[in-house]
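Engineer: Below: one structure in structure tokens.
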Amino acid sequence: MDESLENSGNTLTSHFFRTEYGKLVAVISRYLGNHHVETAEDIVQETMLRATSHWEMNGVPDNPKAWLYTTAKNLSLNTIKRGKYQRDYAAKNSLKPNLESAVPFSEELIADSQLRMMFCCCHPSVSENSQIALVLKILSGFSIQEIAHAFFSNTETINKRLVRGRKQLRQVSLELVNEKVINQRLDAVLKTIYLLFNEGYFPSSKNEIIRFDLCLEAIRLAQLLQESKSVQLKTDLHSLLALMYFNVSRFNSRVSKDGKVLDLKEQDRSLWDENSIQTGMQYLEEVTQSHKISKYALLATISAHHCAAPTYEQTKWNDILGLYDQLLSLEQSPIVALNRAVVLSEVEGATKAIEALEVLASQSDIGQYYMYPFTLGELYKRNQEWDKALEAYQNAQRLTANPRDKELLSKKIQDLVPNLPSQLS
Amino acid sequence: MREFLLLIRSEESPKANLSPEQMQQHIEKVGGYLQRLTEEGKMKSAQPLEMEGTMLSYQNGKIIDGPYNETKEIISGYYHLLANDMEEAVAIAKQDPRFEEGIWRVEVRPIKRVEGIN
């Protein structure tokens, strides 16, 4: 046997390239300076490309990380030697080790670099849209196409967000992220992680795999914060982790085999992932001990109630309604009020919930958000008021531009048809 | 058994546009394919080639650089394999998972055998 084929028995852990991409870009960016994050990305892409060409034929080496790190280091040193980056490289007054002697990059250096990058991507001067795109591209190793795919968007839109985001990112120094900054801006970073998770979590029959990866990525980023000693107050972080673990436990039960999106009532609860629920419970336990009430803690507790209920009917709707009232007292959000109405319908019936929604619409502009008529439609359907349900679904369809939502609504409308008075009779 | 040289040709590098996740899938698929053939004793050697190199030719009594191909096509690797006949070699080449993802070309050439010499 050819000796080059001997070590082809090694395998890579799942998402190895994607995760290592994020680690390497974060580390190399620190050496090149925050003006050159894109150059760092090019270097890492080239590293991965070399690895691909070599490993596909010769097999995965015994220590794939070391292979990548050495190649990335050499490519970085070549780039630095070419001069353009000399100034940024020379202007180092931080604690990071010299690049020549930094390989293999220590876990501390990697974790510290990723944390810095995370806080820079979520800098207040970067718009929310761009923040998520930057995090996914730079820290999570997703391609523009993959981000577009997961977001039901196109590559031009995502590219625009990235270009705008990168421009802002150049003004933000990776080296200025310190413990004070981390604790001041933790809320903003948690919010981005939460939005990222929700983007992946929205139910749909399409792109399930890549969006599940988005949810796992949000959890991975939160775990990075969880492992960091620089993050002092972790209560909100634990609440967010609990919330994400509870929600992700239901991921695989939300779409039927024939591609139909299933709501909580229709899901097969035996498919819920027990491990994720247990992990969520552990994080929630730590939150409960701190006696701090926060948005994430309330949302996590609500989600825990769903996970713990043996059937939809046996859900503790009264308790959940109380939690929604607490949420509303923290933040007067029309969207929270909208969700509360759904819970109210389980406690006091659909008619009461419809009344609550009508009051809500008169006090806010929630009526312009497609989820409002969507929810109304669901409630009318439950009351067997078919005409009103149809009208509400059609309103919802008009208010959303997202093909994913339009498709879901078309299905809802189709399901109504047998109940509508026939046009011929 | 006959020996075959399979030349993997591509324009620029089809892999350059793959995302990290897709690169990993590429390694796993192509690597698995090569490993299987190696275990079956059919693959003698498989190597990638650097994307750079030089072309020498002999002209007017001296060795010169070039001429270089006008096309962007480049040989990016080769397989040295054993097969019963051309038909089997082609069948093996067709199974290469790299065809699923880009503009690859594989040239299948039997290695010349002269009876009594090799």
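By order in the structure tokens, chains are A, B, ...; within a chain, residues start at 1; ligands start at 1, following the order shown.
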Pull out every residue of chain B that has at least one atom within 12 Å of chain A, counting only C-alpha atoms, and report them as a PyMOL selection string.

Structural biologist: chain B and resi 8+13-51+76-81+96-98

Engineer: Fewer than 3 positions away in the same chain doesn't count, so skip those; otherwise give me all residues within 10 Å of Asn159 in chain A, counting only C-alpha atoms, as a PyMOL selection string.

Structural biologist: chain A and resi 130+133+144-145+147-148+154-156+162-165

Engineer: Just the number, please: distance in Å from CA of Gly66 in chain B to CA of Asn78 in chain A, one decimal.

Structural biologist: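 CA of Asn78 in chain A lies at a distance of 27.9 Å from CA of Gly66 in chain B.
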
Engineer: As a PDB file with N, CA, C and O atoms, in the first residue's frame, please: the residues near range 262-270 of chain A (cut-off 12 Å, only C-alpha atoms, same-chain neighbours under 2 positions excluded).

Structural biologist:
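Result file follows (around_28.pdb):
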```pdb
ATOM      1  N   PHE A 202     -37.306  29.494  13.739  1.00  0.00           N
ATOM      2  CA  PHE A 202     -38.626  29.691  13.145  1.00  0.00           C
ATOM      3  C   PHE A 202     -39.035  28.457  12.346  1.00  0.00           C
ATOM      4  O   PHE A 202     -38.298  28.008  11.484  1.00  0.00           O
ATOM      5  N   PRO A 203     -40.203  27.892  12.645  1.00  0.00           N
ATOM      6  CA  PRO A 203     -40.549  26.634  11.984  1.00  0.00           C
ATOM      7  C   PRO A 203     -40.847  26.792  10.501  1.00  0.00           C
ATOM      8  O   PRO A 203     -41.427  27.772  10.077  1.00  0.00           O
ATOM      9  N   SER A 204     -40.406  25.855   9.748  1.00  0.00           N
ATOM     10  CA  SER A 204     -40.655  25.828   8.317  1.00  0.00           C
ATOM     11  C   SER A 204     -40.273  24.439   7.854  1.00  0.00           C
ATOM     12  O   SER A 204     -39.531  23.739   8.521  1.00  0.00           O
ATOM     13  N   SER A 205     -40.811  24.045   6.711  1.00  0.00           N
ATOM     14  CA  SER A 205     -40.454  22.713   6.243  1.00  0.00           C
ATOM     15  C   SER A 205     -39.163  22.744   5.427  1.00  0.00           C
ATOM     16  O   SER A 205     -38.635  21.723   5.054  1.00  0.00           O
ATOM     17  N   ASN A 247     -35.982  25.083  23.845  1.00  0.00           N
ATOM     18  CA  ASN A 247     -36.581  25.224  22.520  1.00  0.00           C
ATOM     19  C   ASN A 247     -35.983  24.245  21.513  1.00  0.00           C
ATOM     20  O   ASN A 247     -36.694  23.651  20.716  1.00  0.00           O
ATOM     21  N   SER A 249     -34.826  21.406  22.005  1.00  0.00           N
ATOM     22  CA  SER A 249     -35.247  20.026  22.264  1.00  0.00           C
ATOM     23  C   SER A 249     -36.453  19.644  21.407  1.00  0.00           C
ATOM     24  O   SER A 249     -36.679  18.481  21.125  1.00  0.00           O
ATOM     25  N   ARG A 250     -37.216  20.657  20.977  1.00  0.00           N
ATOM     26  CA  ARG A 250     -38.431  20.367  20.192  1.00  0.00           C
ATOM     27  C   ARG A 250     -38.200  20.462  18.691  1.00  0.00           C
ATOM     28  O   ARG A 250     -39.112  20.247  17.902  1.00  0.00           O
ATOM     29  N   PHE A 251     -36.969  20.807  18.318  1.00  0.00           N
ATOM     30  CA  PHE A 251     -36.694  21.134  16.916  1.00  0.00           C
ATOM     31  C   PHE A 251     -37.182  20.055  15.939  1.00  0.00           C
ATOM     32  O   PHE A 251     -37.874  20.337  14.971  1.00  0.00           O
ATOM     33  N   ASN A 252     -36.801  18.816  16.229  1.00  0.00           N
ATOM     34  CA  ASN A 252     -37.079  17.754  15.246  1.00  0.00           C
ATOM     35  C   ASN A 252     -38.525  17.294  15.200  1.00  0.00           C
ATOM     36  O   ASN A 252     -38.903  16.532  14.333  1.00  0.00           O
ATOM     37  N   SER A 253     -39.326  17.748  16.145  1.00  0.00           N
ATOM     38  CA  SER A 253     -40.719  17.291  16.153  1.00  0.00           C
ATOM     39  C   SER A 253     -41.638  18.297  15.469  1.00  0.00           C
ATOM     40  O   SER A 253     -42.830  18.085  15.389  1.00  0.00           O
ATOM     41  N   ARG A 254     -41.053  19.406  14.952  1.00  0.00           N
ATOM     42  CA  ARG A 254     -41.906  20.487  14.474  1.00  0.00           C
ATOM     43  C   ARG A 254     -42.340  20.362  13.016  1.00  0.00           C
ATOM     44  O   ARG A 254     -43.139  21.138  12.533  1.00  0.00           O
ATOM     45  N   VAL A 255     -41.751  19.405  12.321  1.00  0.00           N
ATOM     46  CA  VAL A 255     -42.160  19.208  10.931  1.00  0.00           C
ATOM     47  C   VAL A 255     -42.509  17.736  10.746  1.00  0.00           C
ATOM     48  O   VAL A 255     -41.747  16.864  11.157  1.00  0.00           O
ATOM     49  N   SER A 256     -43.682  17.469  10.157  1.00  0.00           N
ATOM     50  CA  SER A 256     -44.099  16.082   9.958  1.00  0.00           C
ATOM     51  C   SER A 256     -43.316  15.477   8.803  1.00  0.00           C
ATOM     52  O   SER A 256     -42.627  16.183   8.072  1.00  0.00           O
ATOM     53  N   LYS A 257     -43.432  14.150   8.655  1.00  0.00           N
ATOM     54  CA  LYS A 257     -42.677  13.463   7.597  1.00  0.00           C
ATOM     55  C   LYS A 257     -43.023  14.005   6.204  1.00  0.00           C
ATOM     56  O   LYS A 257     -42.180  14.048   5.321  1.00  0.00           O
ATOM     57  N   ASP A 258     -44.282  14.442   6.018  1.00  0.00           N
ATOM     58  CA  ASP A 258     -44.652  14.967   4.700  1.00  0.00           C
ATOM     59  C   ASP A 258     -44.457  16.489   4.604  1.00  0.00           C
ATOM     60  O   ASP A 258     -45.022  17.142   3.727  1.00  0.00           O
ATOM     61  N   GLY A 259     -43.650  17.036   5.512  1.00  0.00           N
ATOM     62  CA  GLY A 259     -43.245  18.433   5.362  1.00  0.00           C
ATOM     63  C   GLY A 259     -44.208  19.466   5.923  1.00  0.00           C
ATOM     64  O   GLY A 259     -44.069  20.657   5.671  1.00  0.00           O
ATOM     65  N   LYS A 260     -45.189  19.010   6.703  1.00  0.00           N
ATOM     66  CA  LYS A 260     -46.141  19.955   7.275  1.00  0.00           C
ATOM     67  C   LYS A 260     -45.583  20.498   8.593  1.00  0.00           C
ATOM     68  O   LYS A 260     -45.041  19.751   9.404  1.00  0.00           O
ATOM     69  N   TRP A 272     -39.242  14.788  21.569  1.00  0.00           N
ATOM     70  CA  TRP A 272     -38.497  15.874  22.209  1.00  0.00           C
ATOM     71  C   TRP A 272     -37.222  15.329  22.835  1.00  0.00           C
ATOM     72  O   TRP A 272     -37.228  14.272  23.456  1.00  0.00           O
ATOM     73  N   ASP A 273     -36.145  16.074  22.675  1.00  0.00           N
ATOM     74  CA  ASP A 273     -34.842  15.583  23.102  1.00  0.00           C
ATOM     75  C   ASP A 273     -34.642  15.747  24.608  1.00  0.00           C
ATOM     76  O   ASP A 273     -34.501  16.858  25.119  1.00  0.00           O
ATOM     77  N   GLU A 274     -34.632  14.599  25.287  1.00  0.00           N
ATOM     78  CA  GLU A 274     -34.564  14.598  26.746  1.00  0.00           C
ATOM     79  C   GLU A 274     -33.275  15.216  27.272  1.00  0.00           C
ATOM     80  O   GLU A 274     -33.282  15.949  28.264  1.00  0.00           O
ATOM     81  N   SER A 303     -40.941  28.151  28.551  1.00  0.00           N
ATOM     82  CA  SER A 303     -40.549  27.038  27.693  1.00  0.00           C
ATOM     83  C   SER A 303     -40.405  25.748  28.508  1.00  0.00           C
ATOM     84  O   SER A 303     -40.757  24.663  28.032  1.00  0.00           O
ATOM     85  N   HIS A 306     -43.702  24.059  28.957  1.00  0.00           N
ATOM     86  CA  HIS A 306     -44.102  23.281  27.776  1.00  0.00           C
ATOM     87  C   HIS A 306     -43.371  21.948  27.743  1.00  0.00           C
ATOM     88  O   HIS A 306     -43.961  20.910  27.479  1.00  0.00           O
ATOM     89  N   CYS A 307     -42.051  22.000  28.017  1.00  0.00           N
ATOM     90  CA  CYS A 307     -41.250  20.763  27.984  1.00  0.00           C
ATOM     91  C   CYS A 307     -41.732  19.757  29.020  1.00  0.00           C
ATOM     92  O   CYS A 307     -41.657  18.551  28.801  1.00  0.00           O
ATOM     93  N   ALA A 308     -42.210  20.258  30.173  1.00  0.00           N
ATOM     94  CA  ALA A 308     -42.571  19.367  31.271  1.00  0.00           C
ATOM     95  C   ALA A 308     -43.977  18.803  31.134  1.00  0.00           C
ATOM     96  O   ALA A 308     -44.312  17.810  31.771  1.00  0.00           O
ATOM     97  N   ALA A 309     -44.810  19.435  30.307  1.00  0.00           N
ATOM     98  CA  ALA A 309     -46.203  18.993  30.208  1.00  0.00           C
ATOM     99  C   ALA A 309     -46.300  17.682  29.438  1.00  0.00           C
ATOM    100  O   ALA A 309     -45.782  17.579  28.335  1.00  0.00           O
ATOM    101  N   PRO A 310     -46.961  16.659  30.034  1.00  0.00           N
ATOM    102  CA  PRO A 310     -47.069  15.373  29.337  1.00  0.00           C
ATOM    103  C   PRO A 310     -47.936  15.457  28.074  1.00  0.00           C
ATOM    104  O   PRO A 310     -47.680  14.748  27.101  1.00  0.00           O
ATOM    105  N   THR A 311     -48.950  16.320  28.076  1.00  0.00           N
ATOM    106  CA  THR A 311     -49.749  16.533  26.862  1.00  0.00           C
ATOM    107  C   THR A 311     -50.040  18.026  26.742  1.00  0.00           C
ATOM    108  O   THR A 311     -49.854  18.783  27.692  1.00  0.00           O
ATOM    109  N   TYR A 312     -50.502  18.403  25.552  1.00  0.00           N
ATOM    110  CA  TYR A 312     -50.838  19.816  25.334  1.00  0.00           C
ATOM    111  C   TYR A 312     -51.914  20.258  26.329  1.00  0.00           C
ATOM    112  O   TYR A 312     -51.822  21.309  26.951  1.00  0.00           O
ATOM    113  N   GLU A 313     -52.930  19.403  26.509  1.00  0.00           N
ATOM    114  CA  GLU A 313     -54.049  19.741  27.386  1.00  0.00           C
ATOM    115  C   GLU A 313     -53.607  19.886  28.840  1.00  0.00           C
ATOM    116  O   GLU A 313     -54.179  20.669  29.594  1.00  0.00           O
ATOM    117  N   GLN A 314     -52.587  19.093  29.219  1.00  0.00           N
ATOM    118  CA  GLN A 314     -52.144  19.120  30.616  1.00  0.00           C
ATOM    119  C   GLN A 314     -51.120  20.222  30.896  1.00  0.00           C
ATOM    120  O   GLN A 314     -50.532  20.258  31.966  1.00  0.00           O
ATOM    121  N   THR A 315     -50.866  21.079  29.917  1.00  0.00           N
ATOM    122  CA  THR A 315     -49.940  22.192  30.131  1.00  0.00           C
ATOM    123  C   THR A 315     -50.501  23.111  31.205  1.00  0.00           C
ATOM    124  O   THR A 315     -51.720  23.326  31.269  1.00  0.00           O
ATOM    125  N   VAL A 342     -52.606  34.140  23.005  1.00  0.00           N
ATOM    126  CA  VAL A 342     -52.712  32.724  22.647  1.00  0.00           C
ATOM    127  C   VAL A 342     -52.876  31.887  23.916  1.00  0.00           C
ATOM    128  O   VAL A 342     -53.702  30.970  23.971  1.00  0.00           O
ATOM    129  N   GLU A 346     -56.241  29.516  25.827  1.00  0.00           N
ATOM    130  CA  GLU A 346     -56.250  28.191  26.441  1.00  0.00           C
ATOM    131  C   GLU A 346     -56.884  28.232  27.831  1.00  0.00           C
ATOM    132  O   GLU A 346     -57.426  27.239  28.299  1.00  0.00           O
ATOM    133  N   GLU A 378     -55.996  31.920  13.540  1.00  0.00           N
ATOM    134  CA  GLU A 378     -55.973  30.674  14.305  1.00  0.00           C
ATOM    135  C   GLU A 378     -57.122  30.616  15.309  1.00  0.00           C
ATOM    136  O   GLU A 378     -57.747  29.578  15.508  1.00  0.00           O
ATOM    137  N   LEU A 408     -46.557  29.080   4.322  1.00  0.00           N
ATOM    138  CA  LEU A 408     -47.233  28.536   5.496  1.00  0.00           C
ATOM    139  C   LEU A 408     -48.696  28.985   5.517  1.00  0.00           C
ATOM    140  O   LEU A 408     -49.610  28.201   5.782  1.00  0.00           O
ATOM    141  N   LYS A 411     -50.932  27.240   2.976  1.00  0.00           N
ATOM    142  CA  LYS A 411     -51.342  25.930   3.485  1.00  0.00           C
ATOM    143  C   LYS A 411     -52.528  26.076   4.432  1.00  0.00           C
ATOM    144  O   LYS A 411     -53.478  25.308   4.371  1.00  0.00           O
ATOM    145  N   LYS A 412     -52.443  27.074   5.304  1.00  0.00           N
ATOM    146  CA  LYS A 412     -53.524  27.314   6.270  1.00  0.00           C
ATOM    147  C   LYS A 412     -54.835  27.600   5.528  1.00  0.00           C
ATOM    148  O   LYS A 412     -55.897  27.126   5.911  1.00  0.00           O
TER     149      LYS A 412
END
```

Engineer: Select from chain B everything DSSP, run on the backbone, classes as helix (DSSP H, G or I), then give the selection as a PyMOL selection string.

Structural biologist: chain B and resi 14-17+20-39+86-94+97-100

Engineer: Restricting it to N, CA, C and O atoms, dump the selection as a short mmCIF file (atom, residue, chain, number, x, y, z; two decimals), in the first residue's frame.

Structural biologist:
```
data_model
loop_
_atom_site.label_atom_id
_atom_site.label_comp_id
_atom_site.auth_asym_id
_atom_site.auth_seq_id
_atom_site.Cartn_x
_atom_site.Cartn_y
_atom_site.Cartn_z
N PRO B 14 -12.03 24.43 -8.39
CA PRO B 14 -13.46 24.38 -8.05
C PRO B 14 -13.68 24.39 -6.54
O PRO B 14 -14.73 24.79 -6.07
N LYS B 15 -12.68 23.95 -5.80
CA LYS B 15 -12.85 23.88 -4.35
C LYS B 15 -12.81 25.24 -3.67
O LYS B 15 -13.29 25.41 -2.56
N ALA B 16 -12.23 26.24 -4.37
CA ALA B 16 -12.04 27.55 -3.75
C ALA B 16 -13.37 28.19 -3.36
O ALA B 16 -13.43 29.00 -2.45
N ASN B 17 -14.44 27.82 -4.05
CA ASN B 17 -15.74 28.43 -3.75
C ASN B 17 -16.55 27.66 -2.71
O ASN B 17 -17.67 28.04 -2.39
N PRO B 20 -16.47 26.30 4.34
CA PRO B 20 -15.75 25.34 5.20
C PRO B 20 -16.53 24.05 5.40
O PRO B 20 -15.96 22.96 5.34
N GLU B 21 -17.83 24.15 5.59
CA GLU B 21 -18.65 22.95 5.80
C GLU B 21 -18.60 22.06 4.55
O GLU B 21 -18.48 20.84 4.66
N GLN B 22 -18.71 22.69 3.39
CA GLN B 22 -18.68 21.90 2.15
C GLN B 22 -17.30 21.28 1.91
O GLN B 22 -17.20 20.19 1.37
N MET B 23 -16.23 22.01 2.32
CA MET B 23 -14.89 21.44 2.17
C MET B 23 -14.77 20.16 2.99
O MET B 23 -14.22 19.16 2.55
N GLN B 24 -15.31 20.23 4.21
CA GLN B 24 -15.24 19.05 5.07
C GLN B 24 -16.01 17.88 4.44
O GLN B 24 -15.54 16.75 4.43
N GLN B 25 -17.18 18.19 3.89
CA GLN B 25 -17.96 17.14 3.23
C GLN B 25 -17.19 16.56 2.04
O GLN B 25 -17.22 15.37 1.78
N HIS B 26 -16.49 17.46 1.32
CA HIS B 26 -15.70 17.03 0.17
C HIS B 26 -14.62 16.03 0.62
O HIS B 26 -14.46 14.96 0.03
N ILE B 27 -13.89 16.41 1.68
CA ILE B 27 -12.83 15.52 2.20
C ILE B 27 -13.43 14.18 2.61
O ILE B 27 -12.88 13.12 2.31
N GLU B 28 -14.56 14.23 3.29
CA GLU B 28 -15.15 12.99 3.78
C GLU B 28 -15.61 12.10 2.63
O GLU B 28 -15.41 10.88 2.66
N LYS B 29 -16.21 12.74 1.61
CA LYS B 29 -16.72 11.94 0.49
C LYS B 29 -15.59 11.37 -0.36
O LYS B 29 -15.52 10.16 -0.60
N VAL B 30 -14.69 12.27 -0.81
CA VAL B 30 -13.61 11.82 -1.68
C VAL B 30 -12.66 10.90 -0.91
O VAL B 30 -12.22 9.86 -1.43
N GLY B 31 -12.39 11.29 0.35
CA GLY B 31 -11.51 10.46 1.19
C GLY B 31 -12.08 9.06 1.36
O GLY B 31 -11.36 8.07 1.27
N GLY B 32 -13.37 8.97 1.59
CA GLY B 32 -14.02 7.68 1.77
C GLY B 32 -13.94 6.83 0.51
O GLY B 32 -13.69 5.63 0.57
N TYR B 33 -14.13 7.49 -0.61
CA TYR B 33 -14.05 6.81 -1.93
C TYR B 33 -12.66 6.23 -2.14
O TYR B 33 -12.50 5.06 -2.50
N LEU B 34 -11.64 7.07 -1.87
CA LEU B 34 -10.27 6.60 -2.07
C LEU B 34 -9.89 5.49 -1.09
O LEU B 34 -9.21 4.53 -1.45
N GLN B 35 -10.39 5.63 0.13
CA GLN B 35 -10.07 4.62 1.14
C GLN B 35 -10.66 3.26 0.76
O GLN B 35 -10.00 2.23 0.88
N ARG B 36 -11.89 3.32 0.27
CA ARG B 36 -12.54 2.07 -0.14
C ARG B 36 -11.75 1.39 -1.25
O ARG B 36 -11.46 0.20 -1.21
N LEU B 37 -11.33 2.19 -2.24
CA LEU B 37 -10.56 1.63 -3.36
C LEU B 37 -9.22 1.09 -2.90
O LEU B 37 -8.74 0.07 -3.41
N THR B 38 -8.62 1.77 -1.92
CA THR B 38 -7.33 1.31 -1.40
C THR B 38 -7.50 -0.03 -0.70
O THR B 38 -6.71 -0.95 -0.89
N GLU B 39 -8.59 -0.13 0.08
CA GLU B 39 -8.84 -1.38 0.80
C GLU B 39 -9.13 -2.53 -0.17
O GLU B 39 -8.78 -3.67 0.10
N MET B 86 -10.41 -1.24 -19.38
CA MET B 86 -10.79 0.17 -19.51
C MET B 86 -12.19 0.41 -18.95
O MET B 86 -12.45 1.40 -18.28
N GLU B 87 -13.08 -0.54 -19.21
CA GLU B 87 -14.47 -0.40 -18.77
C GLU B 87 -14.55 -0.24 -17.25
O GLU B 87 -15.24 0.64 -16.73
N GLU B 88 -13.80 -1.09 -16.55
CA GLU B 88 -13.83 -1.02 -15.09
C GLU B 88 -13.18 0.28 -14.59
O GLU B 88 -13.68 0.91 -13.66
N ALA B 89 -12.09 0.69 -15.23
CA ALA B 89 -11.40 1.93 -14.83
C ALA B 89 -12.35 3.12 -14.97
O ALA B 89 -12.43 3.99 -14.10
N VAL B 90 -13.10 3.15 -16.07
CA VAL B 90 -14.06 4.24 -16.30
C VAL B 90 -15.16 4.18 -15.25
O VAL B 90 -15.56 5.20 -14.68
N ALA B 91 -15.63 2.95 -14.95
CA ALA B 91 -16.69 2.81 -13.94
C ALA B 91 -16.22 3.35 -12.59
O ALA B 91 -16.96 4.04 -11.89
N ILE B 92 -14.97 3.05 -12.25
CA ILE B 92 -14.41 3.54 -10.98
C ILE B 92 -14.33 5.07 -11.00
O ILE B 92 -14.72 5.75 -10.05
N ALA B 93 -13.85 5.62 -12.11
CA ALA B 93 -13.71 7.08 -12.23
C ALA B 93 -15.06 7.77 -12.08
O ALA B 93 -15.18 8.81 -11.44
N LYS B 94 -16.09 7.15 -12.64
CA LYS B 94 -17.43 7.75 -12.58
C LYS B 94 -17.97 7.83 -11.17
O LYS B 94 -18.84 8.65 -10.87
N PRO B 97 -16.82 11.05 -6.06
CA PRO B 97 -17.85 11.99 -5.57
C PRO B 97 -17.56 13.45 -5.93
O PRO B 97 -18.44 14.28 -5.81
N ARG B 98 -16.34 13.77 -6.38
CA ARG B 98 -16.06 15.17 -6.69
C ARG B 98 -16.92 15.66 -7.85
O ARG B 98 -17.17 16.85 -7.98
N PHE B 99 -17.40 14.71 -8.68
CA PHE B 99 -18.24 15.11 -9.81
C PHE B 99 -19.54 15.76 -9.36
O PHE B 99 -20.17 16.48 -10.10
N GLU B 100 -19.93 15.46 -8.10
CA GLU B 100 -21.20 16.00 -7.61
C GLU B 100 -21.15 17.51 -7.42
O GLU B 100 -22.16 18.18 -7.33
#
```
